[in-house]
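Below you'll find the structure, written out as structure tokens, and then a few comments.
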Amino acid sequence: MNSKVTFDSRPDPGTINFGVGQPSHDLLPVELMRKASESFLSCAQPDELNYGERQGDVRFRKALASFLSTGYAEPANAGSLFLSCGNSQALDFICALLTRPGDTVIVEEPSYFLAFRIFLDHGLNIVSVPVDDDGLDISQLEKVLEQSRPRLLYTIPSYHNPGGQTLSLERRQRLAELSREHDFLIAADEVYQLLHYYDPPPAALGTMTEKGSILSLGSFSKILAPGLRLGWIQTSPDLMDKLMESGAVNSGGSFNHFTSHVVRHAIELGLQDSFLEQLRESYRRRVEIMDQSLHEHIGPLASWKHPEGGYFFWLKFHESVDIAELRRHAPEFNTGFQPGVNFSAHAGLHNYMRLSFAHYNEESIEEGIKRLANLLHHKL
Ligand SMILES: Cc1ncc(COP(=O)(O)O)c(C=O)c1O
């Protein structure tokens, strides 16, 4: 694992860098945010600029609960929701509050590369369990649990980053049971749960908090805008009590009180629902264009699954190919991607490549895949 890897926040304008996992400018809803902000500010009360409730403003949590009840197709209640500043902060917060240096965290192989650094910041010992087509391999996990007593398990159940897999319902249920049987916490990073382009995925782990020791992390980063730094943790009453003991919320109150009012208005005005529909449409078209271009230009050089949601294609190359080495030549071809090794806890996955379709429109995706093909044909 390379804990020095950072995210590419400002790609060179001449490059089509599929390594960037952020929305393109045309999918960042400035007009929507203007409407929601005006709606809030036109009737704002002084208390809304004061410290907020530690758990998050109750009106925001009620609006979020109603949004999730539709999105997750299961009733959610405001009492089970805790306001966060997005999933990165939520993960850091959980580690700070509920783990101790030297504890073991189980991650998936592959896993979201920027989470590794958060675990290392808290002195956690990282152990990995492989992912197959149905998500985290539960029989392998059971083997690891015979020898190891983890404090935490980090999983991305739907539209995995980077692999795109979705954990089956049976595995979700078994994972929840295992957390009780073996006394570990599950941090379920459900950042892509609502970003499905065909059929919805199995029930969110956030709807199973009675069945296991689950902290489900949700975020507005992928369904509204990353710059808002707003998200939530959905959990059981006993784990909620622990979150509420945090010194940080006891001192500062709600982590992001002001933004939560604006987003509440976006939900109440129906803007969040219609924007999410628009995102699903746009991303679905991008998935299809990328898939088609990959077949046309890269074809037999790699294999991949058609993503059903999320942001990523995960390409597997022949065992002899070193994608990190190939990436050194990417700037010469004005292209970019993430090498698989970045997502491995033990420097594996050298022949995998992650491509994001979120940061470029359809035309740029077609052009970008041609450039990538050019690199592959010259350097493989
Ligand atoms: C799996 C996963 N978790 C967390 C994040 C970051 O989430 P947030 O912006 O809510 O901190 C990302 C963003 O790429 C992600 O892919």
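We label chains A, B, ... in the order they appear in the structure tokens, count residues from 1 in each chain, and number ligands from 1 in the order shown.
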| said: Show me which residues are within 8 Å of ligand 1 counting only C-alpha atoms and all ligand atoms, and format the list as a ChimeraX atom specification. | reply: /A:21-22,85-90,111-112,114-115,156,160-162,189-192,218-222,226-227,229-231
| How would you write, as a ChimeraX atom specification, the set of residues in region 190-320 of chain A that DSSP gives as strand (DSSP E)? | /A:214-219,231-235,302-303,312-317
Only all heavy atoms, please: the residues just picked out, written as a short mmCIF file (atom, residue, chain, number, x, y, z; two decimals), in the first residue's frame.
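See selection36.cif below for the written result:
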```
data_model
loop_
_atom_site.label_atom_id
_atom_site.label_comp_id
_atom_site.auth_asym_id
_atom_site.auth_seq_id
_atom_site.Cartn_x
_atom_site.Cartn_y
_atom_site.Cartn_z
N ILE A 214 -23.45 -1.85 13.06
CA ILE A 214 -23.23 -1.17 11.78
C ILE A 214 -23.24 0.34 11.93
O ILE A 214 -24.14 0.90 12.57
CB ILE A 214 -24.32 -1.60 10.77
CG1 ILE A 214 -24.21 -3.10 10.48
CG2 ILE A 214 -24.24 -0.78 9.48
CD1 ILE A 214 -25.38 -3.67 9.70
N LEU A 215 -22.26 0.97 11.32
CA LEU A 215 -22.28 2.43 11.14
C LEU A 215 -22.29 2.64 9.63
O LEU A 215 -21.30 2.33 8.94
CB LEU A 215 -21.02 3.07 11.76
CG LEU A 215 -20.92 2.87 13.28
CD1 LEU A 215 -19.52 2.42 13.67
CD2 LEU A 215 -21.30 4.14 14.03
N SER A 216 -23.41 3.08 9.10
CA SER A 216 -23.52 3.27 7.65
C SER A 216 -23.19 4.73 7.33
O SER A 216 -23.81 5.64 7.89
CB SER A 216 -24.94 2.91 7.21
OG SER A 216 -25.23 3.56 6.00
N LEU A 217 -22.23 4.92 6.45
CA LEU A 217 -21.79 6.28 6.12
C LEU A 217 -22.38 6.71 4.79
O LEU A 217 -22.21 6.03 3.78
CB LEU A 217 -20.26 6.35 6.03
CG LEU A 217 -19.45 5.61 7.10
CD1 LEU A 217 -17.97 5.88 6.92
CD2 LEU A 217 -19.89 5.99 8.49
N GLY A 218 -23.09 7.83 4.81
CA GLY A 218 -23.67 8.37 3.58
C GLY A 218 -23.19 9.80 3.38
O GLY A 218 -22.77 10.46 4.34
N SER A 219 -23.26 10.27 2.13
CA SER A 219 -22.66 11.57 1.83
C SER A 219 -23.41 12.28 0.71
O SER A 219 -23.92 11.63 -0.20
CB SER A 219 -21.21 11.33 1.40
OG SER A 219 -20.63 12.53 0.96
N GLY A 231 -22.67 14.99 5.19
CA GLY A 231 -23.06 13.59 5.07
C GLY A 231 -23.75 13.15 6.35
O GLY A 231 -24.18 13.99 7.15
N TRP A 232 -23.83 11.84 6.55
CA TRP A 232 -24.50 11.33 7.74
C TRP A 232 -23.97 9.96 8.12
O TRP A 232 -23.39 9.25 7.29
CB TRP A 232 -26.02 11.25 7.50
CG TRP A 232 -26.42 10.28 6.42
CD1 TRP A 232 -26.74 8.96 6.59
CD2 TRP A 232 -26.51 10.52 4.99
NE1 TRP A 232 -27.03 8.38 5.37
CE2 TRP A 232 -26.91 9.32 4.39
CE3 TRP A 232 -26.33 11.65 4.19
CZ2 TRP A 232 -27.10 9.19 3.01
CZ3 TRP A 232 -26.51 11.52 2.82
CH2 TRP A 232 -26.90 10.31 2.24
N ILE A 233 -24.19 9.62 9.38
CA ILE A 233 -23.92 8.26 9.86
C ILE A 233 -25.27 7.72 10.33
O ILE A 233 -25.96 8.38 11.12
CB ILE A 233 -22.92 8.24 11.04
CG1 ILE A 233 -21.60 8.90 10.63
CG2 ILE A 233 -22.69 6.82 11.53
CD1 ILE A 233 -20.59 9.05 11.78
N GLN A 234 -25.66 6.55 9.81
CA GLN A 234 -26.92 5.94 10.22
C GLN A 234 -26.55 4.75 11.10
O GLN A 234 -25.76 3.88 10.70
CB GLN A 234 -27.68 5.48 8.98
CG GLN A 234 -29.08 4.99 9.27
CD GLN A 234 -29.86 4.75 7.97
OE1 GLN A 234 -29.28 4.65 6.89
NE2 GLN A 234 -31.17 4.63 8.09
N THR A 235 -27.10 4.71 12.31
CA THR A 235 -26.67 3.65 13.21
C THR A 235 -27.74 3.32 14.26
O THR A 235 -28.83 3.89 14.27
CB THR A 235 -25.30 4.02 13.84
OG1 THR A 235 -24.72 2.86 14.42
CG2 THR A 235 -25.41 5.12 14.88
N ALA A 302 -7.94 -6.08 -22.44
CA ALA A 302 -8.35 -6.08 -21.03
C ALA A 302 -9.75 -6.68 -20.92
O ALA A 302 -10.46 -6.80 -21.91
CB ALA A 302 -8.37 -4.65 -20.50
N SER A 303 -10.12 -7.04 -19.68
CA SER A 303 -11.50 -7.47 -19.45
C SER A 303 -12.09 -6.60 -18.35
O SER A 303 -11.36 -6.08 -17.50
CB SER A 303 -11.55 -8.95 -19.06
OG SER A 303 -10.78 -9.16 -17.90
N PHE A 312 -16.96 4.03 -11.56
CA PHE A 312 -15.71 3.43 -12.08
C PHE A 312 -15.86 2.20 -12.98
O PHE A 312 -16.72 1.36 -12.76
CB PHE A 312 -14.82 3.02 -10.90
CG PHE A 312 -14.61 4.14 -9.92
CD1 PHE A 312 -15.24 4.11 -8.68
CD2 PHE A 312 -13.83 5.24 -10.25
CE1 PHE A 312 -15.07 5.15 -7.78
CE2 PHE A 312 -13.66 6.28 -9.35
CZ PHE A 312 -14.29 6.24 -8.12
N PHE A 313 -14.90 2.12 -13.92
CA PHE A 313 -14.59 0.87 -14.64
C PHE A 313 -13.30 0.33 -14.01
O PHE A 313 -12.39 1.10 -13.69
CB PHE A 313 -14.32 1.13 -16.12
CG PHE A 313 -15.56 1.23 -16.97
CD1 PHE A 313 -16.34 2.36 -16.96
CD2 PHE A 313 -15.92 0.17 -17.81
CE1 PHE A 313 -17.48 2.45 -17.76
CE2 PHE A 313 -17.05 0.26 -18.62
CZ PHE A 313 -17.83 1.40 -18.59
N TRP A 314 -13.24 -0.98 -13.90
CA TRP A 314 -12.07 -1.65 -13.30
C TRP A 314 -11.58 -2.66 -14.32
O TRP A 314 -12.24 -3.67 -14.58
CB TRP A 314 -12.52 -2.31 -12.00
CG TRP A 314 -11.54 -3.02 -11.13
CD1 TRP A 314 -11.66 -4.31 -10.70
CD2 TRP A 314 -10.36 -2.50 -10.50
NE1 TRP A 314 -10.63 -4.63 -9.85
CE2 TRP A 314 -9.82 -3.54 -9.71
CE3 TRP A 314 -9.70 -1.28 -10.53
CZ2 TRP A 314 -8.66 -3.37 -8.96
CZ3 TRP A 314 -8.54 -1.11 -9.78
CH2 TRP A 314 -8.04 -2.15 -9.02
N LEU A 315 -10.45 -2.34 -14.96
CA LEU A 315 -9.97 -3.15 -16.08
C LEU A 315 -8.87 -4.12 -15.61
O LEU A 315 -7.94 -3.69 -14.91
CB LEU A 315 -9.36 -2.24 -17.15
CG LEU A 315 -10.30 -1.70 -18.24
CD1 LEU A 315 -11.51 -0.99 -17.66
CD2 LEU A 315 -9.54 -0.74 -19.15
N LYS A 316 -9.00 -5.36 -16.05
CA LYS A 316 -7.97 -6.35 -15.73
C LYS A 316 -7.16 -6.64 -16.98
O LYS A 316 -7.74 -6.96 -18.04
CB LYS A 316 -8.64 -7.64 -15.24
CG LYS A 316 -7.64 -8.69 -14.85
CD LYS A 316 -8.32 -9.94 -14.31
CE LYS A 316 -7.25 -10.91 -13.85
NZ LYS A 316 -7.78 -12.23 -13.61
N PHE A 317 -5.84 -6.54 -16.88
CA PHE A 317 -4.94 -6.81 -18.00
C PHE A 317 -4.22 -8.14 -17.76
O PHE A 317 -4.32 -8.73 -16.68
CB PHE A 317 -3.90 -5.67 -18.13
CG PHE A 317 -4.52 -4.40 -18.67
CD1 PHE A 317 -5.27 -3.57 -17.85
CD2 PHE A 317 -4.38 -4.06 -20.01
CE1 PHE A 317 -5.86 -2.42 -18.35
CE2 PHE A 317 -4.98 -2.92 -20.52
CZ PHE A 317 -5.71 -2.09 -19.69
#
```
| message | Residues near Asp121 (chain A), anyone? I mean within 12 Å using only C-alpha atoms, not counting same-chain ones fewer than 3 positions away, as a count of residues only. | response | 19
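Here CA of Leu81 (chain A) and CA of Pro307 (chain A) stand 29.2 Å from one another.
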| field | Distance in Å - CA of Leu41 (chain A) versus CA of Leu28 (chain A) | value | 21.0 Å
